[in-house]
$ cat query.txt   # compact mmCIF, C-alpha atoms
# COMPACT_ATOMS: atom_id res chain seq x y z
CA GLY G 1 0.00 0.00 0.00
CA VAL G 2 2.76 2.46 0.89
CA VAL G 3 4.72 1.63 -2.28
CA HIS G 4 1.57 2.12 -4.36
CA GLN G 5 0.86 5.44 -2.63
CA LEU G 6 4.38 6.78 -3.25
CA TYR G 7 4.25 5.62 -6.87
CA VAL G 8 0.91 7.19 -7.71
CA GLN G 9 1.85 10.38 -5.84
CA LYS G 10 4.75 10.83 -8.24
CA ALA G 11 3.36 9.35 -11.46
CA TRP G 12 -0.40 10.00 -11.31
CA TRP G 13 -1.05 13.20 -9.36
CA LYS G 14 2.04 15.38 -9.53
CA ASP G 15 1.67 18.18 -12.11
CA TYR G 16 -1.92 17.15 -12.86
CA ARG G 17 -3.87 18.95 -10.14
CA GLY G 18 -7.19 20.70 -10.57
CA PRO G 19 -10.59 21.27 -8.95
CA PHE G 20 -12.25 18.25 -7.36
CA HIS G 21 -14.69 16.52 -9.73
CA PHE G 22 -16.44 13.20 -10.37
CA ARG G 23 -15.83 11.01 -13.38
CA GLU G 24 -16.96 7.42 -13.94
CA ASP G 25 -15.34 5.19 -16.53
CA LEU G 26 -17.31 2.00 -17.14
CA HIS G 27 -15.36 0.98 -20.23
CA TYR G 28 -11.71 1.32 -19.28
CA ALA G 29 -9.77 -1.98 -19.40
CA ARG G 30 -13.07 -3.80 -19.95
CA ASN G 31 -13.69 -3.27 -16.21
CA VAL G 32 -10.90 -5.61 -15.19
CA ASP G 33 -9.64 -2.59 -13.25
CA LYS G 34 -12.80 -2.82 -11.12
CA VAL G 35 -11.74 -6.32 -10.06
CA GLY G 36 -8.38 -4.78 -9.23
CA HIS G 37 -10.07 -2.20 -7.01
CA PHE G 38 -11.97 -4.96 -5.18
CA TYR G 39 -8.73 -6.92 -4.74
CA ALA G 40 -6.81 -3.86 -3.50
CA GLY G 41 -9.52 -3.12 -0.94
CA MET G 42 -9.46 -6.74 0.21
CA VAL G 43 -5.67 -6.83 0.59
CA THR G 44 -5.42 -3.55 2.51
CA SER G 45 -8.28 -4.68 4.74
CA PHE G 46 -6.59 -8.03 5.38
CA LEU G 47 -3.25 -6.40 6.23
CA GLY G 48 -4.99 -3.92 8.51
CA ALA G 49 -6.86 -6.70 10.30
CA LYS G 50 -3.63 -8.64 10.85
CA ALA G 51 -1.94 -5.52 12.22
CA PHE G 52 -4.77 -5.01 14.70
CA GLU G 53 -4.64 -8.70 15.68
CA TRP G 54 -0.90 -8.48 16.30
CA SER G 55 -1.60 -5.41 18.44
CA GLY G 56 -3.83 -7.47 20.71
CA PHE G 57 -7.31 -6.88 19.31
CA ARG G 58 -9.76 -9.77 19.27
CA PRO G 59 -10.26 -11.26 15.75
CA GLU G 60 -13.82 -9.92 15.44
CA LYS G 61 -12.80 -6.35 16.23
CA ALA G 62 -9.63 -6.66 14.15
CA VAL G 63 -11.51 -7.68 11.01
CA TRP G 64 -13.88 -4.71 11.37
CA PHE G 65 -11.09 -2.21 12.02
CA GLY G 66 -9.18 -3.72 9.11
CA ALA G 67 -12.16 -3.14 6.80
CA ILE G 68 -12.44 0.47 7.95
CA THR G 69 -8.70 0.99 7.48
CA GLY G 70 -8.77 -0.54 4.00
CA SER G 71 -11.78 1.55 3.00
CA LEU G 72 -10.22 4.79 4.22
CA PHE G 73 -6.92 4.12 2.47
CA GLU G 74 -8.58 3.30 -0.85
CA LEU G 75 -10.93 6.31 -0.53
CA TYR G 76 -7.88 8.50 0.03
CA VAL G 77 -6.57 7.36 -3.36
CA GLU G 78 -9.96 8.03 -4.99
CA VAL G 79 -10.14 11.53 -3.48
CA GLN G 80 -6.68 12.28 -4.85
CA ASP G 81 -7.90 11.11 -8.26
CA GLY G 82 -10.79 13.54 -7.82
CA PHE G 83 -8.29 16.40 -7.81
CA SER G 84 -6.50 15.06 -10.91
CA THR G 85 -7.11 16.68 -14.28
CA LEU G 86 -6.59 13.28 -15.93
CA TRP G 87 -9.14 11.34 -13.92
CA GLY G 88 -11.72 12.14 -11.27
CA PHE G 89 -13.41 10.62 -8.25
CA ASP G 90 -14.92 7.42 -9.65
CA ARG G 91 -17.88 6.38 -7.52
CA VAL G 92 -17.94 2.88 -9.03
CA ASP G 93 -14.25 2.41 -8.20
CA ALA G 94 -14.93 3.66 -4.67
CA ALA G 95 -17.82 1.20 -4.28
CA THR G 96 -15.68 -1.74 -5.39
CA ASP G 97 -12.86 -0.58 -3.08
CA ILE G 98 -15.23 -0.65 -0.11
CA ALA G 99 -16.84 -3.94 -1.17
CA GLY G 100 -13.39 -5.53 -1.31
CA ALA G 101 -12.44 -4.05 2.06
CA PHE G 102 -15.50 -5.61 3.69
CA PHE G 103 -15.13 -8.99 1.96
CA PRO G 104 -12.98 -10.30 4.88
CA VAL G 105 -15.79 -9.25 7.22
CA ALA G 106 -18.25 -11.30 5.15
CA LYS G 107 -15.86 -14.27 5.29
CA TYR G 108 -15.62 -13.92 9.07
CA TYR G 109 -19.38 -14.18 9.56
CA LEU G 110 -20.12 -16.57 6.66
CA PRO G 111 -17.69 -19.50 7.00
CA PHE G 112 -18.82 -20.93 3.65
CA LEU G 113 -16.98 -18.04 1.94
CA GLU G 114 -13.71 -19.45 3.30
CA ASN G 115 -13.96 -21.90 0.40
CA VAL G 116 -13.48 -19.03 -2.06
CA ASP G 117 -10.35 -16.93 -2.50
CA LEU G 118 -9.61 -14.05 -4.86
CA LYS G 119 -6.05 -14.32 -6.12
CA PHE G 120 -3.81 -12.25 -8.36
CA SER G 121 -1.02 -13.10 -10.76
CA TYR G 122 1.11 -10.91 -12.98
CA LEU G 123 3.37 -11.36 -15.98
CA LYS G 124 4.59 -8.15 -17.57
CA SER G 125 3.03 -7.61 -20.98
CA SER G 126 4.53 -6.02 -24.07
CA ALA G 127 1.57 -3.66 -24.46
CA GLU G 128 2.03 0.09 -24.36
CA PRO G 129 0.48 1.91 -21.36
CA VAL G 130 -3.14 2.73 -22.14
CA ARG G 131 -3.31 6.13 -20.49
CA GLY G 132 -1.44 9.19 -21.69
CA GLY G 133 -0.26 12.02 -19.47
CA PRO G 134 2.38 10.82 -17.01
CA PHE G 135 2.76 7.48 -18.79
CA ALA G 136 3.56 8.86 -22.23
CA ASN G 137 7.34 8.44 -21.97
CA GLN G 138 7.82 5.82 -19.28
CA ASP G 139 7.60 2.10 -18.90
CA HIS G 140 4.53 1.01 -16.97
CA LEU G 141 4.60 -0.84 -13.70
CA ILE G 142 2.31 -3.54 -12.39
CA PHE G 143 -0.38 -1.01 -11.36
CA ASP G 144 -0.88 0.23 -14.91
CA ASP G 145 -0.22 -2.94 -16.89
CA TYR G 146 -3.73 -4.39 -17.10
CA GLU G 147 -2.80 -6.73 -19.93
CA GLY G 148 -0.27 -8.40 -17.64
CA GLN G 149 -2.71 -8.83 -14.75
CA ARG G 150 -4.88 -11.88 -14.04
CA PHE G 151 -7.46 -12.19 -11.32
CA TRP G 152 -8.53 -15.63 -10.15
CA LEU G 153 -11.55 -16.84 -8.22
CA SER G 154 -10.20 -19.95 -6.55
CA PHE G 155 -12.45 -22.65 -5.12
CA LYS G 156 -11.40 -25.15 -2.44
CA VAL G 157 -13.01 -28.06 -4.19
CA GLY G 158 -12.28 -30.59 -1.46
CA ASN G 159 -14.45 -28.65 0.98
CA LEU G 160 -17.31 -28.34 -1.49
CA LEU G 161 -17.60 -31.98 -2.52
CA PRO G 162 -20.13 -34.29 -0.85
CA GLN G 163 -18.69 -36.49 1.89
CA PRO G 164 -18.19 -39.70 -0.16
CA LEU G 165 -16.01 -37.81 -2.67
CA LYS G 166 -13.89 -35.78 -0.25
CA SER G 167 -11.38 -38.57 0.29
CA LEU G 168 -10.84 -38.90 -3.47
CA TRP G 169 -9.85 -35.27 -3.99
CA PRO G 170 -6.44 -33.96 -2.75
CA SER G 171 -7.19 -31.42 -0.04
CA PHE G 172 -4.60 -28.93 -1.34
CA LEU G 173 -5.91 -28.95 -4.92
CA GLY G 174 -8.42 -26.35 -6.05
CA VAL G 175 -9.88 -25.00 -9.27
CA ALA G 176 -9.65 -21.35 -10.29
CA LEU G 177 -11.56 -19.25 -12.80
CA GLY G 178 -9.49 -16.37 -14.15
CA VAL G 179 -10.10 -13.19 -16.11
CA GLY G 180 -7.78 -10.85 -17.97
CA VAL G 181 -7.80 -8.45 -20.89
CA ARG G 182 -5.73 -7.97 -24.02
CA ASP G 183 -5.50 -5.63 -27.04
CA LEU G 184 -6.58 -2.59 -25.03
CA GLN G 185 -5.32 -0.32 -27.77
CA HIS G 186 -7.79 -1.84 -30.23
CA ASP G 187 -11.53 -1.23 -29.81
CA GLY G 188 -11.29 -1.11 -26.02
CA GLY G 189 -9.74 -4.54 -25.61
CA GLN G 190 -11.00 -8.07 -25.35
CA LEU G 191 -11.70 -10.11 -22.22
CA GLU G 192 -9.99 -13.45 -21.76
CA TRP G 193 -11.24 -16.19 -19.46
CA TYR G 194 -9.20 -19.00 -17.93
CA VAL G 195 -9.69 -22.22 -16.03
CA ALA G 196 -6.77 -23.62 -14.06
CA LEU G 197 -5.82 -25.98 -11.30
CA ASP G 198 -4.85 -24.16 -8.13
CA TYR G 199 -3.31 -25.04 -4.78
CA ASP G 200 -4.15 -24.22 -1.18
CA LEU G 201 -0.88 -23.63 0.64
CA THR G 202 -2.60 -23.94 4.01
CA LYS G 203 -3.22 -27.62 3.26
CA LEU G 204 0.42 -28.47 2.56
CA PRO G 205 2.09 -30.59 5.27
CA GLY G 206 4.29 -28.83 7.80
CA ASP G 207 3.85 -26.53 10.77
CA SER G 208 6.81 -24.18 10.49
CA TRP G 209 6.61 -20.41 10.87
CA PHE G 210 7.77 -20.03 7.24
CA LEU G 211 5.00 -22.25 5.85
CA LYS G 212 2.35 -20.53 7.97
CA SER G 213 3.50 -17.13 6.72
CA LEU G 214 3.64 -18.32 3.14

$ encode --input "query.txt" --output "structure tokens"
Amino acid sequence: GVVHQLYVQKAWWKDYRGPFHFREDLHYARNVDKVGHFYAGMVTSFLGAKAFEWSGFRPEKAVWFGAITGSLFELYVEVQDGFSTLWGFDRVDAATDIAGAFFPVAKYYLPFLENVDLKFSYLKSSAEPVRGGPFANQDHLIFDDYEGQRFWLSFKVGNLLPQPLKSLWPSFLGVALGVGVRDLQHDGGQLEWYVALDYDLTKLPGDSWFLKSL
């Protein structure tokens, strides 16, 4: 979060300041960026919750404070965009930020959701940055390279199977549905969908601090 903040402060907002305004973009990156906003809210919320837990808060309070922390951080970024002449405060982005930040809260109260994880993978693409302005003469990083991003909805299949089939399915093996986008420079891009085998690291054998952290 801090790295992202420092990066966007320099690359997105500097030299592009103006009056606060709203601007929604429901076509950019075929809305894969909206999944990114949900994921960012979820990650900042999760990290906030862990920080509160390590500080001695009970898990229930920690997950709520984490969601509030994640929401406030992501809203700070949106407000800064609202003062940018290149963008604007995007209410849809803000809504997906907050939804992602409160997803860990939903998982806390609805244990069934523990069988679903949103994951992210990245492989740098050869595409040119889509936006102009500060990106015109620089190589893009992971935050801007939507064609290199993949978001995965991973299912813990072993937990979802009926009892007679559970023993037949490896507990660490899951199935993930992925989405990405390509050819953003041509007609707004094209969505790509993926199906892949996935793994649940929490099910791998071992009880070391390293494995738990991983």

$ atom_distance --input "query.txt" --atom1 "atom CA of Gly41 of chain G" --atom2 "atom CA of Ala62 of chain G"
15.5 Å

$ closest_residue --input "query.txt" --among "G:Tyr39, G:Arg182, G:Val92, G:Tyr194" --to "Leu118 of chain G" --atoms "all atoms listed in the file"
G:Tyr39

$ residues_around --input "query.txt" --residues "His27 of chain G" --least-positions-apart "4" --cutoff "12 Å" --atoms "all atoms listed in the file" --output "number ranges by chain"
G: 31-34, 92, 184, 187-191

$ atom_distance --input "query.txt" --atom1 "atom CA of Val43 of chain G" --atom2 "atom CA of Thr85 of chain G"
27.9 Å

$ atom_distance --input "query.txt" --atom1 "atom CA of Phe155 of chain G" --atom2 "atom CA of Gly48 of chain G"
24.3 Å

$ residues_near_point --input "query.txt" --point "(2.0, -21.4, 3.8)" --cutoff "10 Å" --atoms "all atoms listed in the file" --output "list in words"
Asp200, Leu201, Thr202, Lys203, Leu204, Pro205, Gly206, Asp207, Ser208, Trp209, Phe210, Leu211, Lys212, Ser213 and Leu214 of chain G

$ decode --input "query.txt" --residues "segment 5-68 of chain G" --atoms "C-alpha atoms" --output "PDB file, in the first residue's frame"
ATOM      1  CA  GLN G   5       0.857   5.439  -2.634  1.00  0.00           C
ATOM      2  CA  LEU G   6       4.384   6.777  -3.251  1.00  0.00           C
ATOM      3  CA  TYR G   7       4.255   5.616  -6.865  1.00  0.00           C
ATOM      4  CA  VAL G   8       0.906   7.192  -7.712  1.00  0.00           C
ATOM      5  CA  GLN G   9       1.848  10.384  -5.836  1.00  0.00           C
ATOM      6  CA  LYS G  10       4.745  10.831  -8.242  1.00  0.00           C
ATOM      7  CA  ALA G  11       3.357   9.348 -11.464  1.00  0.00           C
ATOM      8  CA  TRP G  12      -0.397   9.998 -11.307  1.00  0.00           C
ATOM      9  CA  TRP G  13      -1.055  13.199  -9.363  1.00  0.00           C
ATOM     10  CA  LYS G  14       2.035  15.384  -9.533  1.00  0.00           C
ATOM     11  CA  ASP G  15       1.674  18.183 -12.108  1.00  0.00           C
ATOM     12  CA  TYR G  16      -1.916  17.150 -12.859  1.00  0.00           C
ATOM     13  CA  ARG G  17      -3.871  18.949 -10.136  1.00  0.00           C
ATOM     14  CA  GLY G  18      -7.193  20.696 -10.570  1.00  0.00           C
ATOM     15  CA  PRO G  19     -10.592  21.269  -8.946  1.00  0.00           C
ATOM     16  CA  PHE G  20     -12.254  18.252  -7.359  1.00  0.00           C
ATOM     17  CA  HIS G  21     -14.692  16.525  -9.728  1.00  0.00           C
ATOM     18  CA  PHE G  22     -16.438  13.203 -10.367  1.00  0.00           C
ATOM     19  CA  ARG G  23     -15.829  11.007 -13.385  1.00  0.00           C
ATOM     20  CA  GLU G  24     -16.962   7.425 -13.940  1.00  0.00           C
ATOM     21  CA  ASP G  25     -15.338   5.191 -16.526  1.00  0.00           C
ATOM     22  CA  LEU G  26     -17.312   1.999 -17.136  1.00  0.00           C
ATOM     23  CA  HIS G  27     -15.357   0.980 -20.234  1.00  0.00           C
ATOM     24  CA  TYR G  28     -11.706   1.319 -19.275  1.00  0.00           C
ATOM     25  CA  ALA G  29      -9.772  -1.984 -19.398  1.00  0.00           C
ATOM     26  CA  ARG G  30     -13.067  -3.804 -19.948  1.00  0.00           C
ATOM     27  CA  ASN G  31     -13.691  -3.269 -16.214  1.00  0.00           C
ATOM     28  CA  VAL G  32     -10.895  -5.609 -15.188  1.00  0.00           C
ATOM     29  CA  ASP G  33      -9.636  -2.585 -13.252  1.00  0.00           C
ATOM     30  CA  LYS G  34     -12.801  -2.823 -11.115  1.00  0.00           C
ATOM     31  CA  VAL G  35     -11.745  -6.316 -10.062  1.00  0.00           C
ATOM     32  CA  GLY G  36      -8.378  -4.776  -9.227  1.00  0.00           C
ATOM     33  CA  HIS G  37     -10.067  -2.200  -7.008  1.00  0.00           C
ATOM     34  CA  PHE G  38     -11.969  -4.958  -5.184  1.00  0.00           C
ATOM     35  CA  TYR G  39      -8.730  -6.923  -4.744  1.00  0.00           C
ATOM     36  CA  ALA G  40      -6.814  -3.863  -3.499  1.00  0.00           C
ATOM     37  CA  GLY G  41      -9.519  -3.123  -0.938  1.00  0.00           C
ATOM     38  CA  MET G  42      -9.463  -6.735   0.208  1.00  0.00           C
ATOM     39  CA  VAL G  43      -5.675  -6.830   0.587  1.00  0.00           C
ATOM     40  CA  THR G  44      -5.419  -3.550   2.507  1.00  0.00           C
ATOM     41  CA  SER G  45      -8.283  -4.677   4.742  1.00  0.00           C
ATOM     42  CA  PHE G  46      -6.587  -8.026   5.384  1.00  0.00           C
ATOM     43  CA  LEU G  47      -3.251  -6.399   6.232  1.00  0.00           C
ATOM     44  CA  GLY G  48      -4.995  -3.920   8.508  1.00  0.00           C
ATOM     45  CA  ALA G  49      -6.858  -6.701  10.302  1.00  0.00           C
ATOM     46  CA  LYS G  50      -3.626  -8.638  10.854  1.00  0.00           C
ATOM     47  CA  ALA G  51      -1.940  -5.517  12.225  1.00  0.00           C
ATOM     48  CA  PHE G  52      -4.773  -5.011  14.701  1.00  0.00           C
ATOM     49  CA  GLU G  53      -4.637  -8.695  15.685  1.00  0.00           C
ATOM     50  CA  TRP G  54      -0.897  -8.485  16.298  1.00  0.00           C
ATOM     51  CA  SER G  55      -1.604  -5.411  18.439  1.00  0.00           C
ATOM     52  CA  GLY G  56      -3.832  -7.473  20.711  1.00  0.00           C
ATOM     53  CA  PHE G  57      -7.310  -6.882  19.314  1.00  0.00           C
ATOM     54  CA  ARG G  58      -9.758  -9.772  19.274  1.00  0.00           C
ATOM     55  CA  PRO G  59     -10.255 -11.256  15.752  1.00  0.00           C
ATOM     56  CA  GLU G  60     -13.815  -9.920  15.435  1.00  0.00           C
ATOM     57  CA  LYS G  61     -12.801  -6.348  16.225  1.00  0.00           C
ATOM     58  CA  ALA G  62      -9.633  -6.662  14.154  1.00  0.00           C
ATOM     59  CA  VAL G  63     -11.513  -7.679  11.015  1.00  0.00           C
ATOM     60  CA  TRP G  64     -13.882  -4.714  11.374  1.00  0.00           C
ATOM     61  CA  PHE G  65     -11.090  -2.210  12.022  1.00  0.00           C
ATOM     62  CA  GLY G  66      -9.181  -3.723   9.105  1.00  0.00           C
ATOM     63  CA  ALA G  67     -12.160  -3.141   6.796  1.00  0.00           C
ATOM     64  CA  ILE G  68     -12.440   0.467   7.947  1.00  0.00           C
TER      65      ILE G  68
END
